[in-house]
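Read through the structure below, which is laid out as structure tokens, and then see the notes.
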Amino acid sequence: MAEHIPAEKLAETGKAEYTKLEGLLKNGPLANKDRMAIPQQIMPAGEPKVRARQMTEVALGYTKEQAIVEANRCLQCKNEPCVKGCPVNVHIPQFIAQVAKGEFKAAADIIKETNLCRQSVAAFALRKSSVRANVRLAKCTRAQKKQ
Ligand code: SF4
């Protein structure tokens, strides 16, 4: 079983990665090699002993910094395998690009364009960082290579 890392610790790590990312972005748009070098952000989860006694959500969601860092890992693949694999055809690279800029409202609006469940799913997806949830469900180039 994977070791439980407290959300506060993951938030700290995310903040440090975010600071690094800000430094990289000062030199212009990221190259794919920069994106590949960004470590995957672990989704914070509730403490196992507490979860065992509750019916609350396991995933706690990313902080703003973690979501932006995770979104910047997206390679913006031209052939969009993630969109082809998405059951509701969400424009995944486009909404991730908005998350990567910290434009969460714009990201939610893109999800709503094709998502019949609209606000509820969009809100859930962003709260749980759809960057990861959608990408895992679909056929993400990076997820398939376990990167
Ligand atoms: S396949 Fe993955 S890396 Fe490529 S655009 Fe889609 S989400 Fe981004």
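Here's how to read the names in the structure tokens: chain A, B, ... by the order shown, residue numbers from 1 in each chain, ligand numbers from 1 in the order shown.
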When the cut-off is 7 Å and you count only C-alpha atoms and all ligand atoms, which residues lie near ligand 1, shown as a PDB file with N, CA and C atoms, in the first residue's frame?
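Below is the file part.pdb, written as the result:
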```pdb
ATOM      1  N   CYS A  74       1.149  18.804 -19.307  1.00  0.00           N
ATOM      2  CA  CYS A  74       0.458  18.412 -20.545  1.00  0.00           C
ATOM      3  C   CYS A  74       1.298  18.815 -21.751  1.00  0.00           C
ATOM      4  N   LEU A  75       1.441  17.895 -22.694  1.00  0.00           N
ATOM      5  CA  LEU A  75       2.281  18.114 -23.877  1.00  0.00           C
ATOM      6  C   LEU A  75       1.525  18.797 -25.011  1.00  0.00           C
ATOM      7  N   GLN A  76       0.236  19.045 -24.806  1.00  0.00           N
ATOM      8  CA  GLN A  76      -0.589  19.680 -25.850  1.00  0.00           C
ATOM      9  C   GLN A  76      -0.435  18.922 -27.178  1.00  0.00           C
ATOM     10  N   CYS A  77      -0.607  17.616 -27.123  1.00  0.00           N
ATOM     11  CA  CYS A  77      -0.436  16.756 -28.299  1.00  0.00           C
ATOM     12  C   CYS A  77      -1.367  17.191 -29.438  1.00  0.00           C
ATOM     13  N   GLU A  80      -4.340  14.896 -30.178  1.00  0.00           N
ATOM     14  CA  GLU A  80      -5.328  14.866 -29.081  1.00  0.00           C
ATOM     15  C   GLU A  80      -5.883  13.470 -28.758  1.00  0.00           C
ATOM     16  N   PRO A  81      -5.040  12.513 -28.438  1.00  0.00           N
ATOM     17  CA  PRO A  81      -5.567  11.179 -28.108  1.00  0.00           C
ATOM     18  C   PRO A  81      -6.492  11.198 -26.887  1.00  0.00           C
ATOM     19  N   CYS A  82      -6.267  12.145 -26.000  1.00  0.00           N
ATOM     20  CA  CYS A  82      -7.110  12.247 -24.801  1.00  0.00           C
ATOM     21  C   CYS A  82      -8.543  12.608 -25.171  1.00  0.00           C
ATOM     22  N   VAL A  83      -8.706  13.495 -26.134  1.00  0.00           N
ATOM     23  CA  VAL A  83     -10.057  13.911 -26.549  1.00  0.00           C
ATOM     24  C   VAL A  83     -10.763  12.728 -27.213  1.00  0.00           C
ATOM     25  N   ILE A  92      -9.890  18.523 -23.882  1.00  0.00           N
ATOM     26  CA  ILE A  92      -8.975  18.389 -22.748  1.00  0.00           C
ATOM     27  C   ILE A  92      -7.731  19.278 -22.856  1.00  0.00           C
ATOM     28  N   PRO A  93      -6.994  19.233 -23.977  1.00  0.00           N
ATOM     29  CA  PRO A  93      -5.789  20.086 -24.012  1.00  0.00           C
ATOM     30  C   PRO A  93      -6.115  21.567 -23.829  1.00  0.00           C
ATOM     31  N   VAL A 135      -7.537  12.816 -17.641  1.00  0.00           N
ATOM     32  CA  VAL A 135      -6.394  12.288 -18.366  1.00  0.00           C
ATOM     33  C   VAL A 135      -6.235  10.800 -18.105  1.00  0.00           C
ATOM     34  N   LYS A 139      -7.136   8.629 -23.018  1.00  0.00           N
ATOM     35  CA  LYS A 139      -5.901   8.022 -23.506  1.00  0.00           C
ATOM     36  C   LYS A 139      -4.803   9.071 -23.590  1.00  0.00           C
ATOM     37  N   CYS A 140      -4.324   9.495 -22.464  1.00  0.00           N
ATOM     38  CA  CYS A 140      -3.286  10.511 -22.422  1.00  0.00           C
ATOM     39  C   CYS A 140      -1.939   9.889 -22.769  1.00  0.00           C
ATOM     40  N   THR A 141      -1.220  10.587 -23.614  1.00  0.00           N
ATOM     41  CA  THR A 141       0.115  10.126 -24.018  1.00  0.00           C
ATOM     42  C   THR A 141       0.993   9.894 -22.799  1.00  0.00           C
ATOM     43  N   ARG A 142       1.002  10.839 -21.883  1.00  0.00           N
ATOM     44  CA  ARG A 142       1.857  10.721 -20.705  1.00  0.00           C
ATOM     45  C   ARG A 142       1.381   9.647 -19.749  1.00  0.00           C
ATOM     46  N   ALA A 143       0.073   9.589 -19.526  1.00  0.00           N
ATOM     47  CA  ALA A 143      -0.459   8.604 -18.579  1.00  0.00           C
ATOM     48  C   ALA A 143      -0.194   7.185 -19.063  1.00  0.00           C
TER      49      ALA A 143
END
```
DSSP helix (DSSP H, G or I) residues within range 13-105 of chain A, listed as number ranges by chain: A: 13-25, 32-37, 48-51, 64-71, 81-85, 92-100, 104-105
Take the selection from the previous step and output its residues with N, CA and C atoms, as a short mmCIF file (atom, residue, chain, number, x, y, z; two decimals), in the first residue's frame.
```cif
data_model
loop_
_atom_site.label_atom_id
_atom_site.label_comp_id
_atom_site.auth_asym_id
_atom_site.auth_seq_id
_atom_site.Cartn_x
_atom_site.Cartn_y
_atom_site.Cartn_z
N THR A 13 5.23 20.89 -1.38
CA THR A 13 5.98 20.42 -2.55
C THR A 13 5.46 21.10 -3.81
N GLY A 14 4.12 21.19 -3.91
CA GLY A 14 3.51 21.84 -5.07
C GLY A 14 3.93 23.30 -5.16
N LYS A 15 4.01 23.95 -4.03
CA LYS A 15 4.40 25.36 -4.01
C LYS A 15 5.84 25.52 -4.50
N ALA A 16 6.70 24.61 -4.07
CA ALA A 16 8.10 24.67 -4.50
C ALA A 16 8.19 24.44 -6.01
N GLU A 17 7.42 23.48 -6.52
CA GLU A 17 7.42 23.21 -7.96
C GLU A 17 6.85 24.41 -8.73
N TYR A 18 5.87 25.06 -8.14
CA TYR A 18 5.25 26.22 -8.77
C TYR A 18 6.27 27.36 -8.88
N THR A 19 7.07 27.54 -7.84
CA THR A 19 8.11 28.58 -7.87
C THR A 19 9.11 28.27 -8.98
N LYS A 20 9.49 27.00 -9.09
CA LYS A 20 10.41 26.60 -10.18
C LYS A 20 9.78 26.89 -11.54
N LEU A 21 8.51 26.54 -11.65
CA LEU A 21 7.79 26.74 -12.91
C LEU A 21 7.76 28.22 -13.29
N GLU A 22 7.48 29.06 -12.31
CA GLU A 22 7.47 30.51 -12.58
C GLU A 22 8.82 30.96 -13.14
N GLY A 23 9.90 30.41 -12.59
CA GLY A 23 11.24 30.74 -13.07
C GLY A 23 11.43 30.33 -14.52
N LEU A 24 10.98 29.10 -14.83
CA LEU A 24 11.10 28.59 -16.21
C LEU A 24 10.31 29.44 -17.19
N LEU A 25 9.11 29.83 -16.77
CA LEU A 25 8.22 30.57 -17.67
C LEU A 25 8.73 31.98 -17.97
N ASN A 32 8.76 20.87 -24.69
CA ASN A 32 8.28 19.57 -24.21
C ASN A 32 9.24 18.94 -23.20
N LYS A 33 10.54 19.16 -23.38
CA LYS A 33 11.49 18.56 -22.42
C LYS A 33 11.29 19.19 -21.02
N ASP A 34 10.93 20.46 -20.98
CA ASP A 34 10.65 21.10 -19.68
C ASP A 34 9.39 20.48 -19.07
N ARG A 35 8.38 20.29 -19.92
CA ARG A 35 7.11 19.71 -19.43
C ARG A 35 7.34 18.29 -18.91
N MET A 36 8.17 17.54 -19.65
CA MET A 36 8.45 16.16 -19.24
C MET A 36 9.19 16.11 -17.91
N ALA A 37 9.93 17.16 -17.61
CA ALA A 37 10.73 17.17 -16.38
C ALA A 37 9.91 17.55 -15.14
N PRO A 48 -5.95 7.95 6.13
CA PRO A 48 -6.63 6.66 6.06
C PRO A 48 -7.47 6.30 7.30
N LYS A 49 -6.95 6.58 8.50
CA LYS A 49 -7.72 6.21 9.70
C LYS A 49 -9.01 7.01 9.80
N VAL A 50 -8.97 8.25 9.35
CA VAL A 50 -10.18 9.09 9.36
C VAL A 50 -11.14 8.60 8.27
N ARG A 51 -10.58 8.32 7.09
CA ARG A 51 -11.40 7.87 5.97
C ARG A 51 -12.14 6.58 6.28
N LYS A 64 -4.24 25.49 -5.77
CA LYS A 64 -4.11 26.21 -7.04
C LYS A 64 -2.73 25.96 -7.65
N GLU A 65 -1.70 26.01 -6.82
CA GLU A 65 -0.33 25.82 -7.33
C GLU A 65 -0.14 24.41 -7.88
N GLN A 66 -0.64 23.41 -7.15
CA GLN A 66 -0.49 22.02 -7.61
C GLN A 66 -1.20 21.83 -8.96
N ALA A 67 -2.40 22.40 -9.09
CA ALA A 67 -3.17 22.25 -10.33
C ALA A 67 -2.42 22.89 -11.50
N ILE A 68 -1.85 24.06 -11.27
CA ILE A 68 -1.12 24.75 -12.34
C ILE A 68 0.12 23.96 -12.74
N VAL A 69 0.83 23.45 -11.75
CA VAL A 69 2.03 22.65 -12.04
C VAL A 69 1.63 21.40 -12.83
N GLU A 70 0.61 20.71 -12.35
CA GLU A 70 0.18 19.47 -13.03
C GLU A 70 -0.26 19.77 -14.47
N ALA A 71 -0.97 20.85 -14.64
CA ALA A 71 -1.46 21.21 -15.98
C ALA A 71 -0.30 21.51 -16.93
N PRO A 81 -5.04 12.51 -28.44
CA PRO A 81 -5.57 11.18 -28.11
C PRO A 81 -6.49 11.20 -26.89
N CYS A 82 -6.27 12.14 -26.00
CA CYS A 82 -7.11 12.25 -24.80
C CYS A 82 -8.54 12.61 -25.17
N VAL A 83 -8.71 13.49 -26.13
CA VAL A 83 -10.06 13.91 -26.55
C VAL A 83 -10.76 12.73 -27.21
N LYS A 84 -10.01 12.00 -28.04
CA LYS A 84 -10.61 10.84 -28.72
C LYS A 84 -11.04 9.78 -27.71
N GLY A 85 -10.33 9.70 -26.60
CA GLY A 85 -10.66 8.70 -25.59
C GLY A 85 -11.64 9.20 -24.54
N ILE A 92 -9.89 18.52 -23.88
CA ILE A 92 -8.97 18.39 -22.75
C ILE A 92 -7.73 19.28 -22.86
N PRO A 93 -6.99 19.23 -23.98
CA PRO A 93 -5.79 20.09 -24.01
C PRO A 93 -6.11 21.57 -23.83
N GLN A 94 -7.25 21.99 -24.38
CA GLN A 94 -7.61 23.41 -24.28
C GLN A 94 -7.94 23.79 -22.84
N PHE A 95 -8.68 22.93 -22.15
CA PHE A 95 -9.01 23.33 -20.77
C PHE A 95 -7.79 23.21 -19.86
N ILE A 96 -6.93 22.21 -20.17
CA ILE A 96 -5.71 22.10 -19.37
C ILE A 96 -4.83 23.33 -19.58
N ALA A 97 -4.80 23.83 -20.82
CA ALA A 97 -3.99 25.03 -21.10
C ALA A 97 -4.48 26.21 -20.26
N GLN A 98 -5.78 26.28 -20.04
CA GLN A 98 -6.32 27.36 -19.20
C GLN A 98 -5.93 27.15 -17.74
N VAL A 99 -6.03 25.90 -17.28
CA VAL A 99 -5.61 25.60 -15.89
C VAL A 99 -4.13 25.95 -15.73
N ALA A 100 -3.34 25.63 -16.76
CA ALA A 100 -1.90 25.90 -16.71
C ALA A 100 -1.61 27.38 -16.51
N PHE A 104 -9.06 29.29 -14.16
CA PHE A 104 -9.95 28.18 -13.83
C PHE A 104 -11.37 28.35 -14.37
N LYS A 105 -11.83 29.58 -14.38
CA LYS A 105 -13.18 29.84 -14.91
C LYS A 105 -13.21 29.52 -16.41
#
```
What is the CA of Glu103 in chain A to CA of Thr63 in chain A distance in Å? 13.7 Å
Check the smallest atom-to-atom distance from each of A:Ile38, A:Leu10, A:Ile5, A:Met43 to Gly61 in chain A using only C-alpha atoms, then report the winner.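 Smallest distance to Gly61 in chain A is found for A:Met43.
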Looking at only C-alpha atoms, which of A:Lys26, A:Ala31, A:Thr56, A:Gln41 is the one that sits closest to Lys9 in chain A?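 Smallest separation from Lys9 in chain A among the options: A:Gln41.
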Counting only C-alpha atoms, figure out which residue out of A:Asn115, A:Gln54, A:Gln40, A:Gln147 gets nearest to His91 in chain A.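 Looking at the shortest contact to His91 in chain A, the residue is A:Asn115.
Here CA of Asn27 in chain A and CA of Glu12 in chain A stand 24.1 Å from one another.
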Would you please work out which residue, of A:Val90, A:Arg53, A:Pro29, A:Ala106, is nearest to Asn72 in chain A when using only C-alpha atoms?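 Closest to Asn72 in chain A of all the choices is A:Pro29.
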Please report the interatomic distance between CA of Lys145 in chain A and CA of Cys86 in chain A in Å with one decimal. 17.7 Å
